[in-house]
file work-v3.tsv (TSV, C-alpha atoms)
chain	number	residue	atom	x	y	z
O	1	MET	CA	94.98	156.79	-10.15
O	2	ALA	CA	92.81	153.72	-9.62
O	3	PRO	CA	93.97	150.27	-10.79
O	4	LEU	CA	93.50	149.64	-14.51
O	5	HIS	CA	91.39	146.56	-15.22
O	6	PRO	CA	92.28	144.81	-18.50
O	7	PRO	CA	89.13	145.05	-20.62
O	8	PRO	CA	87.94	142.49	-23.19
O	9	LEU	CA	90.42	141.91	-26.02
O	10	SER	CA	89.63	141.91	-29.75
O	11	LEU	CA	91.77	141.24	-32.81
O	12	TYR	CA	91.58	143.51	-35.86
O	13	VAL	CA	93.15	142.23	-39.09
O	14	HIS	CA	93.65	144.67	-41.98
O	15	LEU	CA	93.61	143.30	-45.53
O	16	PRO	CA	94.49	146.36	-47.61
O	17	TRP	CA	93.67	145.56	-51.24
O	18	CYS	CA	90.53	146.30	-53.21
O	19	VAL	CA	89.48	146.05	-56.84
O	20	ARG	CA	89.05	149.80	-57.15
O	21	LYS	CA	89.43	152.66	-54.69
O	22	CYS	CA	86.07	154.33	-54.07
O	23	PRO	CA	86.14	158.14	-54.36
O	24	TYR	CA	84.71	158.67	-50.85
O	25	CYS	CA	87.02	156.18	-49.09
O	26	ASP	CA	89.69	157.40	-46.65
O	27	PHE	CA	90.65	153.95	-45.35
O	28	ASN	CA	94.08	152.43	-45.96
O	29	SER	CA	93.03	150.65	-49.15
O	30	HIS	CA	95.05	150.06	-52.31
O	31	GLU	CA	93.96	148.93	-55.76
O	32	GLY	CA	95.28	145.47	-56.46
O	33	ARG	CA	97.30	145.26	-59.65
O	34	GLY	CA	98.16	141.82	-60.91
O	35	ALA	CA	98.28	138.73	-58.70
O	36	LEU	CA	98.00	139.62	-55.03
O	37	PRO	CA	100.55	138.10	-52.60
O	38	PHE	CA	98.03	136.24	-50.46
O	39	ASP	CA	100.46	133.66	-49.06
O	40	ALA	CA	103.14	136.22	-48.29
O	41	TYR	CA	100.64	138.53	-46.63
O	42	VAL	CA	99.28	135.79	-44.34
O	43	ASP	CA	102.89	134.99	-43.39
O	44	ALA	CA	103.40	138.69	-42.64
O	45	LEU	CA	100.23	138.85	-40.52
O	46	LEU	CA	101.35	135.91	-38.40
O	47	ALA	CA	104.83	137.40	-37.98
O	48	ASP	CA	103.20	140.70	-36.96
O	49	LEU	CA	101.04	138.85	-34.46
O	50	ASP	CA	104.08	137.03	-33.04
O	51	HIS	CA	105.81	140.36	-32.50
O	52	ASP	CA	102.87	141.80	-30.52
O	53	LEU	CA	102.02	138.65	-28.55
O	54	PRO	CA	104.08	139.60	-25.46
O	55	LEU	CA	101.70	142.54	-24.96
O	56	VAL	CA	98.70	140.21	-24.46
O	57	TRP	CA	100.08	137.01	-22.90
O	58	GLY	CA	97.36	135.01	-21.17
O	59	ARG	CA	94.44	137.04	-22.46
O	60	THR	CA	91.47	135.70	-24.42
O	61	VAL	CA	90.32	137.08	-27.77
O	62	GLN	CA	86.57	137.78	-27.74
O	63	THR	CA	86.13	138.95	-31.35
O	64	VAL	CA	88.01	139.00	-34.64
O	65	PHE	CA	87.33	141.46	-37.47
O	66	PHE	CA	88.78	141.32	-40.98
O	67	GLY	CA	88.58	144.85	-42.40
O	68	GLY	CA	90.00	146.54	-45.46
O	69	GLY	CA	90.26	147.16	-48.32
O	70	THR	CA	88.16	144.23	-49.45
O	71	PRO	CA	88.84	141.21	-47.25
O	72	SER	CA	86.64	139.00	-49.44
O	73	LEU	CA	89.31	139.28	-52.15
O	74	PHE	CA	91.27	136.81	-50.02
O	75	PRO	CA	90.35	133.21	-50.91
O	76	PRO	CA	88.88	131.20	-48.02
O	77	GLU	CA	91.95	128.98	-47.68
O	78	HIS	CA	94.06	132.01	-46.75
O	79	ILE	CA	91.52	133.22	-44.19
O	80	ASP	CA	91.50	129.67	-42.84
O	81	ARG	CA	95.30	129.52	-42.58
O	82	PHE	CA	95.43	132.81	-40.73
O	83	LEU	CA	92.71	131.82	-38.25
O	84	GLN	CA	94.38	128.49	-37.57
O	85	GLY	CA	97.68	130.26	-36.97
O	86	ALA	CA	96.12	132.95	-34.78
O	87	SER	CA	94.10	130.51	-32.67
O	88	SER	CA	97.25	128.46	-32.03
O	89	ARG	CA	98.93	131.57	-30.63
O	90	LEU	CA	96.00	133.15	-28.77
O	91	ARG	CA	93.10	131.69	-26.85
O	92	PHE	CA	89.82	132.33	-28.71
O	93	ALA	CA	86.70	132.56	-26.55
O	94	PRO	CA	83.97	129.97	-27.16
O	95	GLY	CA	81.60	131.40	-29.76
O	96	CYS	CA	84.13	134.08	-30.70
O	97	GLU	CA	82.51	136.50	-33.16
O	98	ILE	CA	84.56	136.45	-36.38
O	99	THR	CA	83.51	139.03	-38.99
O	100	LEU	CA	84.62	139.31	-42.62
O	101	GLU	CA	83.90	142.49	-44.58
O	102	THR	CA	82.56	141.54	-47.99
O	103	ASN	CA	82.06	143.35	-51.29
O	104	PRO	CA	79.12	142.02	-53.33
O	105	GLY	CA	81.25	142.41	-56.44
O	106	THR	CA	83.66	139.75	-55.19
O	107	ALA	CA	81.08	137.15	-54.11
O	108	GLU	CA	81.32	133.75	-55.76
O	109	HIS	CA	79.25	130.60	-55.35
O	110	GLY	CA	80.93	128.20	-52.97
O	111	ARG	CA	83.21	130.71	-51.28
O	112	PHE	CA	80.79	131.48	-48.47
O	113	GLU	CA	80.58	127.83	-47.42
O	114	LEU	CA	84.38	127.75	-47.22
O	115	TYR	CA	84.57	131.00	-45.24
O	116	ARG	CA	82.10	129.50	-42.79
O	117	ASP	CA	84.15	126.29	-42.58
O	118	ALA	CA	87.23	128.43	-41.83
O	119	GLY	CA	85.50	129.88	-38.76
O	120	VAL	CA	83.95	133.10	-40.07
O	121	ASN	CA	80.49	133.42	-38.48
O	122	ARG	CA	79.50	136.98	-39.35
O	123	LEU	CA	79.56	138.81	-42.69
O	124	SER	CA	79.41	142.56	-43.27
O	125	PHE	CA	78.36	143.50	-46.80
O	126	GLY	CA	79.36	146.88	-48.20
O	127	ILE	CA	76.12	147.46	-50.12
O	128	GLN	CA	75.95	151.29	-49.72
O	129	SER	CA	72.85	151.54	-51.94
O	130	PHE	CA	70.46	149.38	-53.94
O	131	ASP	CA	70.07	152.14	-56.56
O	132	ASP	CA	72.25	151.47	-59.60
O	133	GLY	CA	72.63	155.18	-60.36
O	134	CYS	CA	73.81	155.90	-56.82
O	135	LEU	CA	76.20	152.96	-56.96
O	136	GLN	CA	77.75	154.26	-60.16
O	137	ARG	CA	78.16	157.75	-58.71
O	138	LEU	CA	79.84	156.20	-55.65
O	139	GLY	CA	82.28	154.30	-57.84
O	140	ARG	CA	81.14	150.88	-56.57
O	141	ILE	CA	82.04	147.77	-58.58
O	142	HIS	CA	78.70	145.99	-58.01
O	143	ASP	CA	75.09	146.66	-59.02
O	144	SER	CA	71.88	146.12	-57.10
O	145	HIS	CA	71.29	142.65	-58.58
O	146	GLU	CA	74.73	141.50	-57.44
O	147	ALA	CA	74.05	142.90	-53.97
O	148	ASP	CA	70.84	140.89	-53.63
O	149	ALA	CA	72.46	137.76	-55.04
O	150	ALA	CA	75.52	137.96	-52.77
O	151	VAL	CA	73.50	138.22	-49.58
O	152	LYS	CA	71.26	135.33	-50.63
O	153	LEU	CA	74.31	133.20	-51.46
O	154	ALA	CA	75.65	133.84	-47.97
O	155	GLN	CA	72.32	132.92	-46.39
O	156	ASP	CA	72.14	129.74	-48.47
O	157	ALA	CA	75.63	128.90	-47.19
O	158	GLY	CA	74.33	129.01	-43.62
O	159	PHE	CA	75.23	132.51	-42.48
O	160	ASP	CA	72.57	133.87	-40.15
O	161	ASN	CA	74.49	136.87	-38.75
O	162	ILE	CA	74.77	139.42	-41.55
O	163	ASN	CA	75.27	143.18	-41.56
O	164	LEU	CA	74.43	145.44	-44.50
O	165	ASP	CA	76.22	148.78	-44.82
O	166	LEU	CA	73.98	151.49	-46.30
O	167	MET	CA	74.72	155.17	-46.86
O	168	TYR	CA	72.34	158.09	-47.20
O	169	ALA	CA	72.61	161.71	-48.37
O	170	LEU	CA	74.20	160.41	-51.56
O	171	PRO	CA	74.68	162.52	-54.70
O	172	GLN	CA	71.27	163.10	-56.34
O	173	GLN	CA	69.50	160.95	-53.73
O	174	THR	CA	65.99	161.88	-52.61
O	175	LEU	CA	64.13	160.93	-49.45
O	176	ALA	CA	62.10	158.39	-51.44
O	177	MET	CA	65.28	156.82	-52.79
O	178	ALA	CA	66.74	156.48	-49.29
O	179	GLU	CA	63.50	154.83	-48.19
O	180	ARG	CA	63.63	152.37	-51.10
O	181	ASP	CA	67.19	151.41	-50.14
O	182	LEU	CA	65.98	150.40	-46.69
O	183	GLU	CA	62.99	148.53	-48.10
O	184	ARG	CA	65.34	146.49	-50.28
O	185	ALA	CA	67.51	145.81	-47.26
O	186	PHE	CA	64.54	144.75	-45.10
O	187	ALA	CA	63.50	142.24	-47.76
O	188	LEU	CA	66.81	140.43	-47.23
O	189	GLN	CA	66.21	140.15	-43.47
O	190	PRO	CA	69.74	140.95	-42.22
O	191	THR	CA	70.36	140.83	-38.49
O	192	HIS	CA	72.20	144.18	-38.47
O	193	ILE	CA	72.17	147.36	-40.56
O	194	SER	CA	74.80	150.09	-40.48
O	195	HIS	CA	73.19	153.27	-41.81
O	196	TYR	CA	75.40	156.31	-42.06
O	197	GLN	CA	75.65	159.61	-43.88
O	198	LEU	CA	78.08	160.16	-46.72
O	199	THR	CA	80.79	162.57	-45.59
O	200	LEU	CA	83.51	164.17	-47.67
O	201	GLU	CA	86.63	163.00	-45.87
O	202	PRO	CA	89.96	164.81	-46.37
O	203	ASN	CA	92.38	163.33	-48.90
O	204	THR	CA	89.67	161.63	-50.94
O	205	VAL	CA	88.59	162.20	-54.53
O	206	PHE	CA	85.20	163.47	-53.37
O	207	ALA	CA	86.85	166.01	-51.05
O	208	ALA	CA	88.95	167.36	-53.92
O	209	ARG	CA	86.09	167.27	-56.45
O	210	PRO	CA	82.75	167.16	-54.63
O	211	PRO	CA	80.03	165.46	-56.68
O	212	GLN	CA	76.96	167.39	-57.77
O	213	GLY	CA	73.66	167.00	-56.00
O	214	ILE	CA	74.68	166.13	-52.43
O	215	PRO	CA	71.62	166.81	-50.22
O	216	ASP	CA	71.95	169.82	-47.93
O	217	ASP	CA	71.92	169.57	-44.12
O	218	ASP	CA	68.14	169.89	-43.81
O	219	ALA	CA	67.47	167.23	-46.44
O	220	SER	CA	70.08	164.94	-44.86
O	221	TRP	CA	68.49	165.35	-41.44
O	222	ASP	CA	65.06	164.54	-42.90
O	223	MET	CA	66.50	161.35	-44.40
O	224	GLN	CA	68.09	160.37	-41.09
O	225	GLU	CA	64.94	160.91	-39.04
O	226	HIS	CA	62.68	159.15	-41.53
O	227	CYS	CA	65.03	156.19	-41.92
O	228	GLN	CA	65.41	155.82	-38.16
O	229	GLU	CA	61.62	155.52	-37.91
O	230	LEU	CA	61.58	152.87	-40.64
O	231	LEU	CA	64.36	150.88	-38.97
O	232	ALA	CA	62.60	150.96	-35.61
O	233	ALA	CA	59.32	149.85	-37.17
O	234	GLN	CA	61.08	146.82	-38.64
O	235	GLY	CA	62.59	145.80	-35.30
O	236	TYR	CA	66.09	147.21	-35.74
O	237	ALA	CA	66.95	148.96	-32.49
O	238	GLN	CA	69.51	151.75	-32.68
O	239	TYR	CA	72.34	151.09	-30.25
O	240	GLU	CA	75.02	153.40	-31.66
O	241	VAL	CA	75.16	156.53	-33.83
O	242	SER	CA	74.89	154.57	-37.09
O	243	ALA	CA	74.25	150.97	-35.97
O	244	TYR	CA	70.91	149.14	-35.77
O	245	ALA	CA	70.36	145.51	-34.84
O	246	ARG	CA	67.83	142.81	-34.15
O	247	PRO	CA	67.71	141.83	-30.45
O	248	GLY	CA	70.99	140.21	-29.41
O	249	ARG	CA	72.68	140.84	-32.76
O	250	GLN	CA	74.71	143.96	-31.99
O	251	CYS	CA	78.26	143.83	-33.35
O	252	ALA	CA	80.32	142.61	-30.39
O	253	HIS	CA	83.57	143.75	-31.99
O	254	ASN	CA	82.44	147.34	-32.44
O	255	LEU	CA	80.82	147.39	-28.99
O	256	ASN	CA	84.24	146.59	-27.57
O	257	TYR	CA	85.67	149.64	-29.34
O	258	TRP	CA	82.92	151.90	-28.02
O	259	ARG	CA	83.31	150.61	-24.48
O	260	TYR	CA	87.01	151.49	-24.62
O	261	GLY	CA	88.05	147.86	-24.80
O	262	ASP	CA	91.40	146.58	-26.03
O	263	TYR	CA	92.30	145.35	-29.49
O	264	LEU	CA	95.39	144.12	-31.24
O	265	GLY	CA	95.78	145.65	-34.69
O	266	ILE	CA	97.77	143.68	-37.24
O	267	GLY	CA	98.25	144.26	-40.94
O	268	ALA	CA	99.27	147.24	-43.05
O	269	GLY	CA	98.08	150.45	-41.38
O	270	ALA	CA	96.23	148.60	-38.59
O	271	HIS	CA	95.72	150.40	-35.28
O	272	GLY	CA	95.57	148.79	-31.84
O	273	LYS	CA	94.87	149.88	-28.27
O	274	LEU	CA	96.10	147.87	-25.30
O	275	THR	CA	95.99	148.14	-21.52
O	276	LEU	CA	99.35	147.05	-20.14
O	277	GLY	CA	99.20	145.66	-16.63
O	278	HIS	CA	102.92	145.70	-15.87
O	279	ASP	CA	103.12	149.48	-15.82
O	280	GLU	CA	99.43	150.47	-15.60
O	281	SER	CA	99.51	152.22	-18.96
O	282	ILE	CA	97.40	152.42	-22.11
O	283	LEU	CA	99.24	152.03	-25.41
O	284	ARG	CA	98.09	152.89	-28.91
O	285	ARG	CA	100.18	151.24	-31.63
O	286	TRP	CA	99.85	151.39	-35.40
O	287	LYS	CA	101.63	149.66	-38.25
O	288	ILE	CA	103.14	151.21	-41.38
O	289	LYS	CA	100.56	151.73	-44.09
O	290	HIS	CA	101.91	150.75	-47.50
O	291	PRO	CA	101.44	147.02	-48.20
O	292	ALA	CA	104.80	146.54	-49.95
O	293	ALA	CA	106.70	148.25	-47.15
O	294	TYR	CA	104.74	146.30	-44.54
O	295	LEU	CA	105.45	142.98	-46.27
O	296	ALA	CA	109.16	143.73	-46.21
O	297	VAL	CA	109.40	144.27	-42.43
O	298	ALA	CA	106.36	142.60	-40.80
O	299	GLY	CA	107.27	141.04	-37.48
O	300	LYS	CA	110.15	143.46	-36.91
O	301	PRO	CA	110.23	146.76	-35.02
O	302	ASP	CA	110.40	148.60	-38.37
O	303	ALA	CA	106.79	147.55	-39.03
O	304	ILE	CA	105.57	149.74	-36.16
O	305	GLY	CA	104.41	153.07	-37.49
O	306	GLY	CA	104.20	154.52	-34.00
O	307	ASP	CA	103.56	153.94	-30.30
O	308	ASP	CA	101.62	156.41	-28.19
O	309	ARG	CA	101.19	156.15	-24.42
O	310	ILE	CA	97.84	157.67	-23.45
O	311	GLU	CA	98.49	159.88	-20.46
O	312	ALA	CA	95.87	160.37	-17.79
O	313	ALA	CA	94.87	163.83	-19.03
O	314	ARG	CA	93.84	162.44	-22.44
O	315	ARG	CA	91.90	159.43	-21.23
O	316	PRO	CA	88.58	161.17	-20.42
O	317	PHE	CA	88.28	162.48	-23.98
O	318	GLU	CA	89.32	159.14	-25.49
O	319	PHE	CA	86.78	157.26	-23.38
O	320	MET	CA	83.97	159.73	-24.10
O	321	LEU	CA	84.72	159.85	-27.82
O	322	ASN	CA	83.76	156.18	-27.90
O	323	ALA	CA	81.24	155.69	-25.10
O	324	LEU	CA	79.06	158.65	-26.08
O	325	ARG	CA	78.38	157.02	-29.45
O	326	LEU	CA	76.28	154.43	-27.61
O	327	VAL	CA	72.56	155.13	-27.31
O	328	ASP	CA	72.51	153.55	-23.84
O	329	GLY	CA	75.59	155.45	-22.69
O	330	PHE	CA	77.83	154.05	-19.96
O	331	ASP	CA	78.21	153.38	-16.24
O	332	VAL	CA	80.54	155.83	-14.52
O	333	ASN	CA	82.19	152.82	-12.85
O	334	LEU	CA	83.20	151.59	-16.31
O	335	PHE	CA	84.99	154.90	-16.88
O	336	SER	CA	87.13	154.29	-13.82
O	337	MET	CA	87.83	150.66	-14.72
O	338	ARG	CA	88.88	151.50	-18.28
O	339	THR	CA	90.89	154.67	-17.60
O	340	GLY	CA	92.22	154.19	-14.07
O	341	LEU	CA	90.81	157.62	-13.14
O	342	PRO	CA	88.35	158.39	-10.34
O	343	ALA	CA	84.78	159.28	-11.29
O	344	ASP	CA	85.26	162.85	-10.09
O	345	ALA	CA	87.73	163.36	-12.98
O	346	ILE	CA	84.65	163.83	-15.19
O	347	GLY	CA	82.06	164.76	-12.60
O	348	GLY	CA	82.01	168.48	-13.38
O	349	LYS	CA	81.80	167.94	-17.12
O	350	LEU	CA	79.01	165.40	-16.70
O	351	ARG	CA	76.98	167.93	-14.71
O	352	GLN	CA	77.67	170.58	-17.35
O	353	ALA	CA	76.42	168.22	-20.09
O	354	GLU	CA	73.36	167.37	-18.01
O	355	GLU	CA	72.54	171.06	-17.51
O	356	ALA	CA	72.86	171.59	-21.27
O	357	GLY	CA	70.29	168.83	-21.84
O	358	TRP	CA	72.80	166.56	-23.60
O	359	LEU	CA	73.05	163.83	-20.94
O	360	ALA	CA	70.58	162.10	-18.64
O	361	ILE	CA	72.31	160.82	-15.49
O	362	GLU	CA	70.67	158.42	-13.08
O	363	ALA	CA	72.07	155.97	-10.52
O	364	GLY	CA	75.63	156.34	-11.81
O	365	HIS	CA	74.66	155.80	-15.45
O	366	ALA	CA	75.08	158.52	-18.11
O	367	ARG	CA	73.03	158.33	-21.31
O	368	PRO	CA	73.00	160.80	-24.22
O	369	THR	CA	69.64	162.47	-24.75
O	370	GLU	CA	68.18	162.95	-28.21
O	371	ALA	CA	69.79	166.41	-28.26
O	372	GLY	CA	73.08	164.91	-27.07
O	373	ARG	CA	73.04	162.39	-29.91
O	374	ARG	CA	72.26	165.09	-32.45
O	375	PHE	CA	75.03	167.37	-31.14
O	376	ASN	CA	77.46	164.58	-30.35
O	377	ASN	CA	80.53	166.57	-31.42
O	378	ASP	CA	79.66	169.38	-29.03
O	379	LEU	CA	78.99	166.92	-26.23
O	380	VAL	CA	82.27	165.06	-26.70
O	381	SER	CA	84.26	168.31	-26.98
O	382	LEU	CA	83.37	169.14	-23.37
O	383	PHE	CA	85.88	166.46	-22.32
O	384	LEU	CA	88.81	167.72	-24.35
call {"tool": "encode", "arguments": {"input": "work-v3.tsv", "output": "structure tokens"}}
result
Amino acid sequence: MAPLHPPPLSLYVHLPWCVRKCPYCDFNSHEGRGALPFDAYVDALLADLDHDLPLVWGRTVQTVFFGGGTPSLFPPEHIDRFLQGASSRLRFAPGCEITLETNPGTAEHGRFELYRDAGVNRLSFGIQSFDDGCLQRLGRIHDSHEADAAVKLAQDAGFDNINLDLMYALPQQTLAMAERDLERAFALQPTHISHYQLTLEPNTVFAARPPQGIPDDDASWDMQEHCQELLAAQGYAQYEVSAYARPGRQCAHNLNYWRYGDYLGIGAGAHGKLTLGHDESILRRWKIKHPAAYLAVAGKPDAIGGDDRIEAARRPFEFMLNALRLVDGFDVNLFSMRTGLPADAIGGKLRQAEEAGWLAIEAGHARPTEAGRRFNNDLVSLFL
């Protein structure tokens, strides 16, 4: 085993409530009924953070990400109170990227200015589609007009780092419809676009009752290829399986995930991954999922849903599962730094992937080929 080098540290904050659960969603999200306990939940988040602080003493937070659920349900003053509390407990890096996931159906005039004043400097809008029929079939609470208006409100408030989430291969969607979605997105000039295929995840409404008219594999692949060409033509470079960005506007928080970085996970159902220097180990920790149960025990050991020490034999697969999502791949030296394993722990598998035409390896750098990106699951499974 080589020494483990503590990687960059991020902070993930889970805000679990939404207006309505979407039928394709498998995240830990819960429909809010009645007045939501914003104050109590922020108190719980800070207590949760206090409990985990000994695991990251002295380290600097590079990025913060509020995910959900619908984080934009939380009024700006509660986001502000959390960030003030967190930054008094942890050192935030200068220019720390702070992202808030936002639903266009919850956007209100004036809120974006206050989110920005609180320290949020990046917004991620869950648009999914600009076609009203598609939005209805997806169970979204907004329409295309509200999507346009919300993004423009954020831009008027001074946000210049904005991601739009778009999905393709939607029920009854054609290639032309997928193209129109991107054209509508381009008109808003976001700095980042996440463009991913609808999948029927287990334990969702869509998995139990699949909607009619989902494009088949060939049609979905045609949409993906055509949309990738459109994104490239507009200056959005693909840097991950489903992520495209203007130069210098890649999502730093997600890049840290894919480079097998560390992150504290706080909030109901939040997951974290930490490199612990005192015993040269890698720990995955998650919190209990249900908001009411979490509120009752946050900051106490009972809030921990589980701890999992990642043994050496599992680290190659964990690293590759993330790093092979990146279009540019990874340096083999980074593998050793993040896992504590020598490069020859994956040498044979790298050669096997190269012989299969899935990886290009040069000067100690491994990069997925076009075939490797298309058959990513097969490529990653080599390292199981």
call {"tool": "atom_distance", "arguments": {"input": "work-v3.tsv", "atom1": "CA of Gln155 in chain O", "atom2": "CA of Trp17 in chain O"}}
result
25.3 Å
call {"tool": "residues_around", "arguments": {"input": "work-v3.tsv", "residues": "Tyr263 in chain O", "least_positions_apart": "3", "cutoff": "10 Å", "atoms": "all atoms listed in the file", "output": "compact mmCIF listing (two decimals) with C-alpha atoms, in the coordinates of the input"}}
result
# COMPACT_ATOMS: atom_id res chain seq x y z
CA PRO O 7 89.13 145.05 -20.62
CA PRO O 8 87.94 142.49 -23.19
CA LEU O 9 90.42 141.91 -26.02
CA SER O 10 89.63 141.91 -29.75
CA LEU O 11 91.77 141.24 -32.81
CA TYR O 12 91.58 143.51 -35.86
CA VAL O 56 98.70 140.21 -24.46
CA VAL O 61 90.32 137.08 -27.77
CA GLN O 62 86.57 137.78 -27.74
CA THR O 63 86.13 138.95 -31.35
CA VAL O 64 88.01 139.00 -34.64
CA HIS O 253 83.57 143.75 -31.99
CA ASN O 256 84.24 146.59 -27.57
CA TYR O 257 85.67 149.64 -29.34
CA TYR O 260 87.01 151.49 -24.62
CA ILE O 266 97.77 143.68 -37.24
CA HIS O 271 95.72 150.40 -35.28
CA GLY O 272 95.57 148.79 -31.84
CA LYS O 273 94.87 149.88 -28.27
CA LEU O 274 96.10 147.87 -25.30
CA THR O 275 95.99 148.14 -21.52
CA ARG O 284 98.09 152.89 -28.91
call {"tool": "closest_residue", "arguments": {"input": "work-v3.tsv", "among": "O:Tyr115, O:Tyr196, O:Trp286, O:Tyr294", "to": "Gln238 in chain O", "atoms": "all atoms listed in the file"}}
result
O:Tyr196
call {"tool": "atom_distance", "arguments": {"input": "work-v3.tsv", "atom1": "CA of Ser336 in chain O", "atom2": "CA of Ile361 in chain O"}}
result
16.3 Å
call {"tool": "closest_residue", "arguments": {"input": "work-v3.tsv", "among": "O:Leu175, O:Cys134, O:Leu359, O:Leu230", "to": "Asp378 in chain O", "atoms": "all atoms listed in the file"}}
result
O:Leu359
call {"tool": "residues_around", "arguments": {"input": "work-v3.tsv", "residues": "Tyr168 in chain O", "least_positions_apart": "2", "cutoff": "12 Å", "atoms": "all atoms listed in the file", "output": "JSON list (two decimals) with C-alpha atoms, keeping the file's coordinate frame"}}
result
[["chain", "number", "residue", "atom", "x", "y", "z"],
["O", 127, "ILE", "CA", 76.12, 147.46, -50.12],
["O", 128, "GLN", "CA", 75.95, 151.29, -49.72],
["O", 129, "SER", "CA", 72.85, 151.54, -51.94],
["O", 130, "PHE", "CA", 70.46, 149.38, -53.94],
["O", 131, "ASP", "CA", 70.07, 152.14, -56.56],
["O", 134, "CYS", "CA", 73.81, 155.90, -56.82],
["O", 135, "LEU", "CA", 76.20, 152.96, -56.96],
["O", 138, "LEU", "CA", 79.84, 156.20, -55.65],
["O", 165, "ASP", "CA", 76.22, 148.78, -44.82],
["O", 166, "LEU", "CA", 73.98, 151.49, -46.30],
["O", 170, "LEU", "CA", 74.20, 160.41, -51.56],
["O", 171, "PRO", "CA", 74.68, 162.52, -54.70],
["O", 172, "GLN", "CA", 71.27, 163.10, -56.34],
["O", 173, "GLN", "CA", 69.50, 160.95, -53.73],
["O", 174, "THR", "CA", 65.99, 161.88, -52.61],
["O", 175, "LEU", "CA", 64.13, 160.93, -49.45],
["O", 176, "ALA", "CA", 62.10, 158.39, -51.44],
["O", 177, "MET", "CA", 65.28, 156.82, -52.79],
["O", 178, "ALA", "CA", 66.74, 156.48, -49.29],
["O", 179, "GLU", "CA", 63.50, 154.83, -48.19],
["O", 180, "ARG", "CA", 63.63, 152.37, -51.10],
["O", 181, "ASP", "CA", 67.19, 151.41, -50.14],
["O", 182, "LEU", "CA", 65.98, 150.40, -46.69],
["O", 194, "SER", "CA", 74.80, 150.09, -40.48],
["O", 195, "HIS", "CA", 73.19, 153.27, -41.81],
["O", 196, "TYR", "CA", 75.40, 156.31, -42.06],
["O", 197, "GLN", "CA", 75.65, 159.61, -43.88],
["O", 198, "LEU", "CA", 78.08, 160.16, -46.72],
["O", 199, "THR", "CA", 80.79, 162.57, -45.59],
["O", 214, "ILE", "CA", 74.68, 166.13, -52.43],
["O", 215, "PRO", "CA", 71.62, 166.81, -50.22],
["O", 216, "ASP", "CA", 71.95, 169.82, -47.93],
["O", 217, "ASP", "CA", 71.92, 169.57, -44.12],
["O", 219, "ALA", "CA", 67.47, 167.23, -46.44],
["O", 220, "SER", "CA", 70.08, 164.94, -44.86],
["O", 221, "TRP", "CA", 68.49, 165.35, -41.44],
["O", 222, "ASP", "CA", 65.06, 164.54, -42.90],
["O", 223, "MET", "CA", 66.50, 161.35, -44.40],
["O", 224, "GLN", "CA", 68.09, 160.37, -41.09],
["O", 225, "GLU", "CA", 64.94, 160.91, -39.04],
["O", 226, "HIS", "CA", 62.68, 159.15, -41.53],
["O", 227, "CYS", "CA", 65.03, 156.19, -41.92],
["O", 228, "GLN", "CA", 65.41, 155.82, -38.16],
["O", 242, "SER", "CA", 74.89, 154.57, -37.09]]
call {"tool": "residues_around", "arguments": {"input": "work-v3.tsv", "residues": "range 46-48 of chain O", "least_positions_apart": "5", "cutoff": "10 Å", "atoms": "only C-alpha atoms", "output": "PyMOL selection string"}}
result
chain O and resi 41+53+81-83+85-86+89+265-268+287+294-295+297-301+303-304
call {"tool": "residues_around", "arguments": {"input": "work-v3.tsv", "residues": "Asp148 in chain O", "least_positions_apart": "3", "cutoff": "12 Å", "atoms": "all atoms listed in the file", "output": "list in words"}}
result
Asn103, Pro104, Gly105, Ala107, Phe125, Gly126, Ile127, Ser129, Phe130, Asp131, His142, Asp143, Ser144, His145, Val151, Lys152, Leu153, Ala154, Gln155, Leu164, Asp181, Arg184, Ala185, Phe186, Ala187, Leu188, Gln189 and Pro190 of chain O
call {"tool": "residues_near_point", "arguments": {"input": "work-v3.tsv", "point": "(75.5, 164.5, -15.0)", "cutoff": "9 Å", "atoms": "only C-alpha atoms", "output": "list in words"}}
result
Gly347, Gly348, Lys349, Leu350, Arg351, Gln352, Ala353, Glu354, Glu355, Leu359, Ala360, Ile361, Glu362, Gly364, His365 and Ala366 of chain O
call {"tool": "closest_residue", "arguments": {"input": "work-v3.tsv", "among": "O:Pro342, O:Gly58, O:Gly110, O:Gly329", "to": "Leu4 in chain O", "atoms": "all atoms listed in the file"}}
result
O:Pro342
call {"tool": "residues_around", "arguments": {"input": "work-v3.tsv", "residues": "Phe74 in chain O", "least_positions_apart": "6", "cutoff": "9 Å", "atoms": "all atoms listed in the file", "output": "PyMOL selection string"}}
result
chain O and resi 15+36+38
call {"tool": "write_last_selection", "arguments": {"input": "work-v3.tsv", "atoms": "C-alpha atoms", "output": "compact mmCIF listing (two decimals), in the coordinates of the input"}}
result
# COMPACT_ATOMS: atom_id res chain seq x y z
CA LEU O 15 93.61 143.30 -45.53
CA LEU O 36 98.00 139.62 -55.03
CA PHE O 38 98.03 136.24 -50.46
call {"tool": "atom_distance", "arguments": {"input": "work-v3.tsv", "atom1": "CA of Glu113 in chain O", "atom2": "CA of Leu264 in chain O"}}
result
27.3 Å
